[in-house]
>>> print(open('upload_28.txt').read())   # compact mmCIF, C-alpha atoms and all ligand atoms
# COMPACT_ATOMS: atom_id res chain seq x y z
CA MET A 1 -16.12 -30.47 81.95
CA ASP A 2 -19.88 -30.39 82.51
CA THR A 3 -21.78 -28.58 79.79
CA ILE A 4 -24.59 -26.53 81.34
CA LEU A 5 -27.94 -26.64 79.52
CA THR A 6 -30.08 -23.56 79.99
CA ARG A 7 -33.02 -21.73 78.44
CA SER A 8 -31.93 -18.42 80.01
CA PRO A 9 -30.05 -16.04 77.70
CA ALA A 10 -28.91 -14.08 80.77
CA GLU A 11 -27.33 -17.16 82.37
CA ALA A 12 -25.63 -18.15 79.09
CA ALA A 13 -24.33 -14.59 78.61
CA ALA A 14 -22.98 -14.46 82.18
CA LEU A 15 -20.93 -17.59 81.46
CA LEU A 16 -19.57 -16.05 78.26
CA ARG A 17 -18.61 -12.83 80.08
CA ARG A 18 -16.63 -14.92 82.57
CA GLY A 19 -14.53 -16.41 79.74
CA GLY A 20 -16.78 -19.34 78.82
CA ILE A 21 -17.61 -20.73 75.39
CA VAL A 22 -21.35 -20.94 74.84
CA ALA A 23 -23.46 -22.47 72.04
CA PHE A 24 -26.48 -20.36 71.12
CA PRO A 25 -29.25 -20.47 68.48
CA THR A 26 -29.52 -18.12 65.51
CA GLU A 27 -32.00 -18.12 62.62
CA THR A 28 -29.42 -19.88 60.39
CA VAL A 29 -27.67 -22.53 62.53
CA PHE A 30 -26.37 -22.75 66.12
CA GLY A 31 -23.11 -20.90 66.82
CA LEU A 32 -20.37 -21.52 69.39
CA GLY A 33 -19.67 -18.14 70.95
CA ALA A 34 -16.86 -16.39 72.80
CA ASN A 35 -16.09 -12.75 73.63
CA VAL A 36 -14.34 -11.31 70.54
CA PHE A 37 -11.63 -9.76 72.75
CA ASP A 38 -10.95 -12.90 74.85
CA LYS A 39 -8.06 -14.73 73.16
CA ALA A 40 -8.02 -17.63 75.61
CA ALA A 41 -11.72 -18.36 75.10
CA ILE A 42 -11.30 -18.11 71.32
CA ALA A 43 -8.45 -20.62 71.44
CA ARG A 44 -10.82 -22.99 73.26
CA ILE A 45 -13.37 -22.66 70.42
CA PHE A 46 -10.81 -23.89 67.90
CA GLU A 47 -9.87 -26.74 70.25
CA ALA A 48 -13.46 -27.80 71.01
CA LYS A 49 -14.46 -27.87 67.33
CA LEU A 50 -11.13 -29.26 66.07
CA ARG A 51 -11.22 -26.28 63.72
CA PRO A 52 -8.25 -25.52 61.43
CA GLN A 53 -6.43 -22.41 62.73
CA ASP A 54 -6.52 -20.70 59.34
CA ASN A 55 -10.32 -20.40 59.24
CA PRO A 56 -11.53 -16.95 60.44
CA LEU A 57 -14.55 -16.42 62.71
CA ILE A 58 -17.65 -14.25 62.26
CA ALA A 59 -18.37 -11.59 64.91
CA HIS A 60 -22.02 -11.39 65.97
CA ILE A 61 -23.59 -8.15 67.12
CA TYR A 62 -27.04 -6.96 68.21
CA ALA A 63 -26.68 -3.20 67.58
CA GLU A 64 -25.20 -1.25 64.67
CA THR A 65 -23.13 0.85 67.07
CA GLN A 66 -20.99 -2.24 67.77
CA ILE A 67 -19.68 -2.21 64.17
CA ARG A 68 -17.30 0.62 65.11
CA GLU A 69 -15.47 -1.60 67.59
CA LEU A 70 -14.81 -4.15 64.84
CA ALA A 71 -14.56 -2.45 61.44
CA SER A 72 -12.28 0.46 60.57
CA GLU A 73 -14.36 1.44 57.54
CA VAL A 74 -17.97 0.84 56.47
CA THR A 75 -17.96 1.07 52.67
CA GLU A 76 -20.89 2.41 50.65
CA SER A 77 -22.08 -1.07 49.64
CA ALA A 78 -21.79 -2.31 53.23
CA GLY A 79 -23.91 0.64 54.37
CA LYS A 80 -26.62 -0.31 51.88
CA PHE A 81 -26.62 -3.96 52.93
CA ILE A 82 -26.75 -3.00 56.61
CA GLU A 83 -29.74 -0.75 56.02
CA ALA A 84 -31.58 -3.35 53.95
CA PHE A 85 -30.70 -6.64 55.65
CA PHE A 86 -29.44 -6.20 59.24
CA PRO A 87 -30.57 -8.02 61.33
CA GLY A 88 -30.62 -11.12 59.11
CA PRO A 89 -28.71 -14.07 57.64
CA LEU A 90 -25.96 -11.97 56.02
CA THR A 91 -22.28 -11.64 56.98
CA LEU A 92 -20.33 -8.61 55.73
CA VAL A 93 -16.54 -8.75 55.43
CA LEU A 94 -14.95 -5.37 56.23
CA ARG A 95 -11.49 -4.07 57.15
CA LYS A 96 -10.89 -4.78 60.84
CA THR A 97 -9.83 -2.43 63.62
CA ASP A 98 -6.60 -2.99 65.54
CA ALA A 99 -8.69 -3.89 68.59
CA VAL A 100 -9.72 -7.21 67.02
CA PRO A 101 -7.16 -9.91 67.93
CA PRO A 102 -5.54 -11.72 64.95
CA VAL A 103 -6.74 -15.11 66.27
CA VAL A 104 -10.32 -14.05 65.36
CA THR A 105 -9.53 -13.41 61.71
CA ALA A 106 -6.81 -16.04 61.21
CA GLY A 107 -4.36 -13.22 60.57
CA LEU A 108 -6.47 -11.53 57.84
CA ASP A 109 -6.90 -7.76 57.95
CA THR A 110 -10.65 -8.16 57.48
CA ILE A 111 -13.46 -9.33 59.74
CA GLY A 112 -16.86 -10.91 59.07
CA ILE A 113 -19.74 -9.18 60.90
CA ARG A 114 -23.31 -10.38 61.24
CA MET A 115 -26.39 -9.31 63.20
CA PRO A 116 -28.68 -12.32 63.72
CA ARG A 117 -32.41 -11.67 63.75
CA SER A 118 -33.75 -14.47 65.94
CA ARG A 119 -35.20 -13.19 69.20
CA LEU A 120 -33.20 -15.45 71.52
CA ALA A 121 -29.92 -14.69 69.70
CA ARG A 122 -30.59 -10.98 70.11
CA GLU A 123 -31.41 -11.33 73.81
CA PHE A 124 -28.25 -13.35 74.35
CA LEU A 125 -26.01 -10.98 72.36
CA SER A 126 -27.40 -7.95 74.11
CA ALA A 127 -26.79 -9.55 77.53
CA CYS A 128 -23.19 -10.38 76.49
CA GLN A 129 -22.43 -6.64 76.17
CA THR A 130 -19.62 -7.39 73.71
CA PRO A 131 -19.45 -8.67 70.13
CA VAL A 132 -19.41 -12.47 70.11
CA VAL A 133 -17.34 -14.53 67.66
CA ALA A 134 -19.08 -17.73 66.67
CA PRO A 135 -18.42 -20.45 64.14
CA SER A 136 -21.14 -23.05 63.66
CA ALA A 137 -21.38 -25.22 66.80
CA ASN A 138 -20.32 -28.55 65.28
CA ILE A 139 -17.13 -30.59 65.05
CA SER A 140 -15.36 -29.16 61.98
CA GLY A 141 -16.32 -30.88 58.74
CA ARG A 142 -19.66 -32.19 60.05
CA PRO A 143 -23.03 -30.76 59.02
CA SER A 144 -23.86 -27.56 60.93
CA PRO A 145 -26.24 -28.03 63.88
CA THR A 146 -29.81 -26.85 63.51
CA THR A 147 -30.99 -28.15 66.90
CA TRP A 148 -29.50 -27.88 70.38
CA GLN A 149 -29.59 -31.67 70.65
CA THR A 150 -27.17 -31.91 67.72
CA VAL A 151 -24.84 -29.38 69.36
CA HIS A 152 -24.96 -31.63 72.42
CA GLU A 153 -24.16 -34.71 70.29
CA ASP A 154 -20.98 -33.08 68.92
CA LEU A 155 -19.77 -30.88 71.78
CA ASN A 156 -21.10 -32.12 75.14
CA GLY A 157 -18.25 -32.00 77.66
CA ARG A 158 -16.15 -29.81 75.36
CA ILE A 159 -17.94 -26.47 75.88
CA ASP A 160 -19.31 -24.57 78.90
CA CYS A 161 -22.96 -24.10 78.01
CA ILE A 162 -25.72 -24.65 75.46
CA LEU A 163 -28.54 -22.10 75.24
CA GLN A 164 -31.50 -24.31 74.36
CA SER A 165 -34.28 -23.33 71.98
CA ASP A 166 -36.41 -24.63 69.14
CA ALA A 167 -34.80 -25.69 65.86
CA ALA A 168 -33.13 -22.94 63.82
CA GLU A 169 -35.63 -21.22 61.55
CA ILE A 170 -33.68 -21.40 58.24
CA GLY A 171 -31.24 -24.27 58.70
CA LEU A 172 -28.46 -23.09 56.32
CA GLU A 173 -25.65 -20.68 57.17
CA SER A 174 -25.52 -16.97 56.41
CA THR A 175 -24.36 -15.59 53.07
CA VAL A 176 -20.83 -14.12 53.29
CA VAL A 177 -20.09 -11.02 51.19
CA ASP A 178 -16.79 -9.17 50.93
CA CYS A 179 -17.60 -5.45 50.99
CA THR A 180 -14.03 -4.09 51.25
CA GLY A 181 -13.74 -3.17 47.56
CA ASP A 182 -15.85 -1.24 45.04
CA ASP A 183 -18.08 -4.15 44.03
CA PRO A 184 -19.29 -6.60 46.69
CA ILE A 185 -18.06 -10.19 46.20
CA LEU A 186 -20.21 -13.11 47.31
CA LEU A 187 -17.76 -15.48 49.08
CA ARG A 188 -20.17 -18.07 50.47
CA GLN A 189 -23.66 -18.85 49.20
CA GLY A 190 -26.13 -18.83 52.07
CA ALA A 191 -29.56 -18.04 53.37
CA MET A 192 -29.67 -14.63 51.67
CA SER A 193 -29.82 -15.06 47.90
CA LEU A 194 -27.71 -13.36 45.26
CA GLU A 195 -30.94 -11.98 43.78
CA GLU A 196 -31.76 -10.27 47.09
CA LEU A 197 -28.23 -8.82 47.35
CA ARG A 198 -28.39 -7.52 43.77
CA SER A 199 -31.74 -5.84 44.46
CA VAL A 200 -29.79 -3.52 46.79
CA VAL A 201 -26.33 -3.44 45.14
CA PRO A 202 -26.71 -4.57 41.47
CA THR A 203 -22.93 -4.82 40.92
CA THR A 204 -22.53 -7.70 43.44
CA VAL A 205 -20.44 -10.45 41.83
CA VAL A 206 -19.90 -14.10 42.69
CA SER A 207 -16.38 -15.08 43.70
CA GLN A 208 -14.75 -17.59 41.35
CA GLY A 209 -12.72 -20.62 42.45
CA SER A 210 -9.23 -19.74 43.49
CA THR A 211 -9.99 -16.19 44.61
CA GLU A 212 -12.63 -17.62 46.88
CA THR A 213 -10.23 -19.98 48.62
CA VAL A 214 -7.87 -17.08 49.24
CA ARG A 215 -10.52 -14.61 50.33
CA SER A 216 -12.64 -16.98 52.40
CA PRO A 217 -10.22 -19.55 53.77
CA GLY A 218 -12.99 -21.67 55.29
CA MET A 219 -14.32 -22.60 51.88
CA LYS A 220 -11.32 -24.77 51.08
CA HIS A 221 -11.88 -27.11 54.02
CA LYS A 222 -14.07 -30.19 53.97
CA HIS A 223 -17.59 -29.19 54.95
CA TYR A 224 -21.11 -30.26 55.76
CA SER A 225 -20.28 -33.95 55.43
CA PRO A 226 -22.20 -36.88 56.82
CA ARG A 227 -20.32 -40.17 57.17
CA ALA A 228 -22.61 -41.67 54.53
CA SER A 229 -21.70 -40.92 50.95
CA VAL A 230 -23.84 -38.28 49.26
CA ARG A 231 -25.11 -38.48 45.67
CA ILE A 232 -26.99 -35.75 43.86
CA ILE A 233 -29.72 -37.08 41.57
CA ASP A 234 -32.57 -35.81 39.40
CA ALA A 235 -36.21 -36.87 39.52
CA GLN A 236 -35.76 -39.65 36.88
CA PHE A 237 -33.14 -41.52 38.90
CA GLU A 238 -33.86 -45.07 40.07
CA ILE A 239 -32.38 -46.01 43.46
CA SER A 240 -31.23 -49.62 43.74
CA ASN A 241 -28.78 -49.57 46.69
CA LEU A 242 -29.38 -51.15 50.08
CA ARG A 243 -29.05 -48.99 53.22
CA SER A 244 -29.85 -45.86 51.27
CA ALA A 245 -31.86 -42.74 52.05
CA PHE A 246 -33.51 -40.00 50.02
CA ILE A 247 -34.21 -36.32 50.60
CA GLY A 248 -35.88 -34.05 48.08
CA ILE A 249 -39.18 -32.84 46.73
CA ASN A 250 -40.20 -35.54 44.20
CA ARG A 251 -40.07 -39.18 45.28
CA PRO A 252 -37.60 -41.11 43.06
CA ARG A 253 -38.14 -44.65 41.78
CA GLY A 254 -36.78 -47.53 43.85
CA LYS A 255 -36.73 -48.27 47.58
CA VAL A 256 -34.96 -46.50 50.42
CA GLU A 257 -34.71 -47.07 54.18
CA ILE A 258 -35.43 -43.48 55.16
CA GLU A 259 -36.99 -40.79 53.02
CA ARG A 260 -37.72 -37.16 53.63
CA LEU A 261 -40.16 -35.59 51.17
CA CYS A 262 -40.20 -31.80 51.37
CA LYS A 263 -42.94 -29.48 50.14
CA SER A 264 -40.63 -26.65 49.09
CA VAL A 265 -36.97 -25.78 48.53
CA GLU A 266 -37.09 -23.83 51.81
CA GLU A 267 -38.27 -26.90 53.71
CA TYR A 268 -35.58 -28.98 51.96
CA ALA A 269 -32.87 -26.49 53.01
CA HIS A 270 -34.25 -26.44 56.53
CA SER A 271 -34.21 -30.24 56.83
CA LEU A 272 -30.95 -31.14 55.08
CA PHE A 273 -28.33 -31.02 57.84
CA GLU A 274 -30.53 -32.75 60.42
CA PHE A 275 -31.42 -35.43 57.84
CA PHE A 276 -27.70 -36.05 57.23
CA ARG A 277 -27.25 -36.51 60.97
CA GLU A 278 -30.19 -38.87 61.24
CA CYS A 279 -28.83 -40.98 58.38
CA ASP A 280 -25.50 -41.29 60.19
CA ARG A 281 -27.22 -42.28 63.45
CA ARG A 282 -29.00 -45.05 61.53
CA GLY A 283 -25.94 -46.32 59.65
CA ILE A 284 -27.13 -45.35 56.15
CA ALA A 285 -24.46 -45.93 53.46
CA THR A 286 -25.67 -43.64 50.66
CA ILE A 287 -27.85 -40.53 50.83
CA TYR A 288 -29.53 -39.57 47.54
CA CYS A 289 -30.35 -35.88 47.33
CA GLU A 290 -32.51 -34.41 44.60
CA SER A 291 -31.01 -31.44 42.76
CA VAL A 292 -32.98 -28.17 42.73
CA PRO A 293 -32.87 -25.04 40.54
CA GLU A 294 -30.09 -22.66 41.62
CA GLU A 295 -32.23 -19.69 42.48
CA GLY A 296 -33.16 -18.20 45.84
CA ILE A 297 -32.00 -20.45 48.66
CA GLY A 298 -31.68 -23.25 46.06
CA ALA A 299 -28.21 -21.88 45.16
CA ALA A 300 -26.95 -22.31 48.72
CA LEU A 301 -28.62 -25.71 49.01
CA MET A 302 -26.86 -26.94 45.85
CA ASP A 303 -23.56 -25.53 47.14
CA ARG A 304 -23.92 -27.54 50.38
CA LEU A 305 -24.93 -30.68 48.47
CA ARG A 306 -21.90 -30.45 46.16
CA ARG A 307 -19.55 -29.97 49.11
CA ALA A 308 -21.13 -32.88 50.98
CA ALA A 309 -20.76 -34.99 47.81
CA ASN A 310 -17.12 -33.86 47.45
CA ILE A 311 -17.79 -32.42 44.00
CA ILE A 312 -16.29 -29.05 45.06
O1 LIG A 401 -24.91 -18.51 59.70
C1 LIG A 401 -23.72 -18.42 60.01
O2 LIG A 401 -22.91 -17.73 59.39
C2 LIG A 401 -23.27 -19.22 61.25
C3 LIG A 401 -23.98 -18.62 62.47
C4 LIG A 401 -23.50 -19.23 63.76
O3 LIG A 401 -23.83 -17.23 62.46
N1 LIG A 401 -21.84 -19.17 61.39
C5 LIG A 401 -21.01 -19.87 60.57
O4 LIG A 401 -19.66 -19.74 60.90
O5 LIG A 401 -21.39 -20.54 59.63
P1 LIG A 401 -18.52 -20.66 60.30
O6 LIG A 401 -17.32 -20.30 61.08
O7 LIG A 401 -18.95 -22.07 60.32
O8 LIG A 401 -18.35 -20.14 58.83
C6 LIG A 401 -17.82 -18.83 58.61
C7 LIG A 401 -17.44 -18.65 57.17
C8 LIG A 401 -16.22 -19.45 56.80
O9 LIG A 401 -16.36 -19.93 55.47
C9 LIG A 401 -15.11 -18.38 56.89
O10 LIG A 401 -14.00 -18.68 56.09
C10 LIG A 401 -15.83 -17.13 56.42
O11 LIG A 401 -17.13 -17.26 56.96
N2 LIG A 401 -15.20 -15.91 56.96
C11 LIG A 401 -15.18 -15.49 58.24
N3 LIG A 401 -14.44 -14.37 58.36
C12 LIG A 401 -14.00 -14.07 57.13
C13 LIG A 401 -13.15 -13.04 56.59
N4 LIG A 401 -12.63 -12.09 57.34
N5 LIG A 401 -12.90 -13.07 55.26
C14 LIG A 401 -13.41 -14.02 54.48
N6 LIG A 401 -14.20 -15.03 54.92
C15 LIG A 401 -14.49 -15.05 56.23
MG MG A 402 -19.11 -24.03 59.99
>>> encode(input="upload_28.txt", output="structure tokens", more="lines below")
Ligand code: TXA
Ligand code: MG
Amino acid sequence: MDTILTRSPAEAAALLRRGGIVAFPTETVFGLGANVFDKAAIARIFEAKLRPQDNPLIAHIYAETQIRELASEVTESAGKFIEAFFPGPLTLVLRKTDAVPPVVTAGLDTIGIRMPRSRLAREFLSACQTPVVAPSANISGRPSPTTWQTVHEDLNGRIDCILQSDAAEIGLESTVVDCTGDDPILLRQGAMSLEELRSVVPTTVVSQGSTETVRSPGMKHKHYSPRASVRIIDAQFEISNLRSAFIGINRPRGKVEIERLCKSVEEYAHSLFEFFRECDRRGIATIYCESVPEEGIGAALMDRLRRAANII
């Protein structure tokens, strides 16, 4: 299969409406989209990504009116989050309608819904004229793609189209929050911080271990992993390995083959997945990553680092 590269959201949307699977940019990472009601196209997403069947997909919308097609109930907390943070890097888990096919939600009775804020994503989603399910556009287990070139590296020949654009603005995935019950439960750390969520709904809690794996099946799978091994270090660490790389804010002692010094935690989060990819392209054996305080986007960054290092 030839994968079409285009900069036209209308062309990409036309392919999706005809049953295609289309990679498109969002402010978090690139997604691999299909029409939420098209079971055959959705099956092809799982196949193209080699994604485990038990991992549910997020539905992407551009207008609040589309929520009705997907969710049977918008709870009070969900209403507050929608008002405060849609469009943005936040996914709300709500009870699904019967119209949503079970393949979307891996058999769960809930569905994740997100309204991206990037301009091109919104143009694409509006031209699709249907909610679009989209996991990150990478081979499962690999770091999520933050550039169209990386989507191409993983999925060329396996998908119908890539909507090209600049690099994703944030570079880490959306925060996933279960809003089906009384108190919202943070299921996946992401680009929207717990502090921001609590500023709108103070009773938001963080999911703990085993509940998380049940409630957000994707979190139990291997994630965000480069082929190189990942080690989390602090500023005092001395690197002595050959074929090693470093990413962080403060240069460590010792010598590395590739280093990426970032000016802020935001820049670090933005650069991480692409740095992992670059290290793999260059045959790096060990990637040293500086730990950061777990506040703001630092919490999601540390979550991704621990998963990449196989600590959780
Ligand atoms: O930023 C993002 O969220 C990107 C862009 C493309 O929107 N998408 C993304 O999708 O990261 P994916 O499939 O790679 O990760 C979706 C996460 C998984 O951990 C999955 O288990 C969880 O969201 N999820 C989806 N639907 C869910 C549901 N109904 N209940 C609980 N967790 C759900
Ligand atoms: Mg993913």
>>> closest_atom_pairs(input="upload_28.txt", of="chain A", to="ligand MG 402 (chain A)", cutoff="8 Å", atoms="only C-alpha atoms and all ligand atoms", output="tab-separated table")
residue	atom	partner	partner_atom	distance
A:Pro135	CA	A:MG402	MG	5.5
A:Ser136	CA	A:MG402	MG	4.3
A:Ala137	CA	A:MG402	MG	7.3
A:Asn138	CA	A:MG402	MG	7.1
A:Ser140	CA	A:MG402	MG	6.7
A:Gly141	CA	A:MG402	MG	7.5
A:Pro143	CA	A:MG402	MG	7.8
A:Ser144	CA	A:MG402	MG	6.0
A:Glu173	CA	A:MG402	MG	7.9
A:His223	CA	A:MG402	MG	7.4
A:Tyr224	CA	A:MG402	MG	7.8
>>> closest_atom_pairs(input="upload_28.txt", of="chain A", to="ligand LIG 401 (chain A)", cutoff="8 Å", atoms="only C-alpha atoms and all ligand atoms", output="CSV")
residue,atom,partner,partner_atom,distance
A:Pro25,CA,A:LIG401,C4,7.5
A:Thr26,CA,A:LIG401,C3,6.3
A:Glu27,CA,A:LIG401,O1,7.7
A:Thr28,CA,A:LIG401,O1,4.8
A:Val29,CA,A:LIG401,C3,5.4
A:Phe30,CA,A:LIG401,C4,5.1
A:Gly31,CA,A:LIG401,C4,3.5
A:Leu32,CA,A:LIG401,C4,6.8
A:Asn55,CA,A:LIG401,O10,5.1
A:Pro56,CA,A:LIG401,N3,4.4
A:Leu57,CA,A:LIG401,C11,4.6
A:Ile58,CA,A:LIG401,C11,4.9
A:His60,CA,A:LIG401,O3,7.0
A:Pro89,CA,A:LIG401,O1,6.2
A:Leu90,CA,A:LIG401,O2,7.3
A:Thr91,CA,A:LIG401,O2,6.6
A:Val93,CA,A:LIG401,N4,5.5
A:Leu94,CA,A:LIG401,N4,7.2
A:Thr105,CA,A:LIG401,N4,5.5
A:Leu108,CA,A:LIG401,N4,6.2
A:Asp109,CA,A:LIG401,N4,7.2
A:Thr110,CA,A:LIG401,N4,4.4
A:Ile111,CA,A:LIG401,N4,3.8
A:Gly112,CA,A:LIG401,N3,4.3
A:Ile113,CA,A:LIG401,N3,7.8
A:Arg114,CA,A:LIG401,O3,7.0
A:Pro116,CA,A:LIG401,O3,7.0
A:Ala134,CA,A:LIG401,C4,5.5
A:Pro135,CA,A:LIG401,O6,3.3
A:Ser136,CA,A:LIG401,O7,4.1
A:Ala137,CA,A:LIG401,C4,7.0
A:Ser144,CA,A:LIG401,O7,7.4
A:Leu172,CA,A:LIG401,O1,6.7
A:Glu173,CA,A:LIG401,O1,3.4
A:Ser174,CA,A:LIG401,O1,3.7
A:Thr175,CA,A:LIG401,O2,6.8
A:Val176,CA,A:LIG401,O11,6.1
A:Asp178,CA,A:LIG401,C14,6.9
A:Leu187,CA,A:LIG401,N6,6.9
A:Arg188,CA,A:LIG401,O9,6.6
A:Gly190,CA,A:LIG401,O1,7.7
A:Ala191,CA,A:LIG401,O1,7.9
A:Arg215,CA,A:LIG401,C14,5.1
A:Ser216,CA,A:LIG401,N6,3.5
A:Pro217,CA,A:LIG401,O10,4.5
A:Gly218,CA,A:LIG401,O10,3.3
A:Met219,CA,A:LIG401,O9,4.9
>>> residues_around(input="upload_28.txt", residues="region 234-245 of chain A", least_positions_apart="4", cutoff="7 Å", atoms="all atoms listed in the file", output="list of chain:residue names")
A:Asn250, A:Pro252, A:Arg253, A:Gly254, A:Lys255, A:Val256, A:Glu257, A:Ile258, A:Glu259, A:Ile284, A:Ala285, A:Thr286, A:Ile287, A:Tyr288, A:Glu290, A:Ser291
>>> closest_residue(input="upload_28.txt", among="A:Cys289, A:Ala99, A:Ser77, A:Arg122", to="Asp183 (chain A)", atoms="only C-alpha atoms")
A:Ser77
>>> atom_distance(input="upload_28.txt", atom1="CA of Leu70 (chain A)", atom2="CA of Leu186 (chain A)")
20.4 Å
>>> axis_aligned_box(input="upload_28.txt", around="region 278-295 of chain A", padding_each_side="6 Å", output="AutoDock Vina command-line options")
--center_x -28.7 --center_y -33.0 --center_z 52.0 --size_x 20.5 --size_y 38.6 --size_z 34.9
>>> residues_around(input="upload_28.txt", residues="Ser126 (chain A)", least_positions_apart="6", cutoff="9 Å", atoms="all atoms listed in the file", output="list in words")
Ala13, Ile61, Tyr62 and Ala63 of chain A
>>> closest_residue(input="upload_28.txt", among="A:Leu125, A:Ala84, A:Ile139, A:Ile249", to="Ser199 (chain A)", atoms="only C-alpha atoms")
A:Ala84
>>> decode(input="upload_28.txt", residues="region 199-205 of chain A", atoms="all heavy atoms", output="mmCIF file, in the first residue's frame")
data_model
loop_
_atom_site.group_PDB
_atom_site.id
_atom_site.type_symbol
_atom_site.label_atom_id
_atom_site.label_comp_id
_atom_site.auth_asym_id
_atom_site.auth_seq_id
_atom_site.Cartn_x
_atom_site.Cartn_y
_atom_site.Cartn_z
ATOM 1 N N SER A 199 -7.757 22.568 40.103
ATOM 2 C CA SER A 199 -8.201 23.964 40.177
ATOM 3 C C SER A 199 -9.659 24.071 39.724
ATOM 4 O O SER A 199 -10.353 25.031 40.058
ATOM 5 C CB SER A 199 -7.291 24.863 39.334
ATOM 6 O OG SER A 199 -7.556 24.658 37.956
ATOM 7 N N VAL A 200 -10.139 23.083 38.993
ATOM 8 C CA VAL A 200 -11.528 23.097 38.507
ATOM 9 C C VAL A 200 -12.400 22.116 39.303
ATOM 10 O O VAL A 200 -13.531 22.428 39.665
ATOM 11 C CB VAL A 200 -11.568 22.755 36.998
ATOM 12 C CG1 VAL A 200 -12.984 22.604 36.508
ATOM 13 C CG2 VAL A 200 -10.851 23.841 36.210
ATOM 14 N N VAL A 201 -11.873 20.914 39.573
ATOM 15 C CA VAL A 201 -12.584 19.939 40.417
ATOM 16 C C VAL A 201 -11.601 19.470 41.505
ATOM 17 O O VAL A 201 -10.801 18.554 41.286
ATOM 18 C CB VAL A 201 -13.108 18.739 39.600
ATOM 19 C CG1 VAL A 201 -13.916 17.801 40.508
ATOM 20 C CG2 VAL A 201 -13.968 19.192 38.421
ATOM 21 N N PRO A 202 -11.651 20.104 42.703
ATOM 22 C CA PRO A 202 -10.655 19.842 43.751
ATOM 23 C C PRO A 202 -10.641 18.398 44.241
ATOM 24 O O PRO A 202 -9.638 17.952 44.807
ATOM 25 C CB PRO A 202 -11.077 20.793 44.881
ATOM 26 C CG PRO A 202 -11.904 21.849 44.224
ATOM 27 C CD PRO A 202 -12.577 21.188 43.060
ATOM 28 N N THR A 203 -11.722 17.634 44.028
ATOM 29 C CA THR A 203 -11.772 16.262 44.548
ATOM 30 C C THR A 203 -11.137 15.239 43.602
ATOM 31 O O THR A 203 -11.224 14.039 43.832
ATOM 32 C CB THR A 203 -13.233 15.836 44.796
ATOM 33 O OG1 THR A 203 -13.961 16.048 43.575
ATOM 34 C CG2 THR A 203 -13.867 16.643 45.911
ATOM 35 N N THR A 204 -10.504 15.691 42.512
ATOM 36 C CA THR A 204 -9.868 14.771 41.561
ATOM 37 C C THR A 204 -8.785 13.957 42.267
ATOM 38 O O THR A 204 -7.944 14.510 42.967
ATOM 39 C CB THR A 204 -9.228 15.566 40.397
ATOM 40 O OG1 THR A 204 -10.228 16.388 39.813
ATOM 41 C CG2 THR A 204 -8.646 14.621 39.350
ATOM 42 N N VAL A 205 -8.849 12.629 42.105
ATOM 43 C CA VAL A 205 -7.862 11.760 42.759
ATOM 44 C C VAL A 205 -7.006 11.053 41.704
ATOM 45 O O VAL A 205 -7.387 10.959 40.536
ATOM 46 C CB VAL A 205 -8.540 10.694 43.660
ATOM 47 C CG1 VAL A 205 -9.231 11.357 44.832
ATOM 48 C CG2 VAL A 205 -9.506 9.840 42.853
#
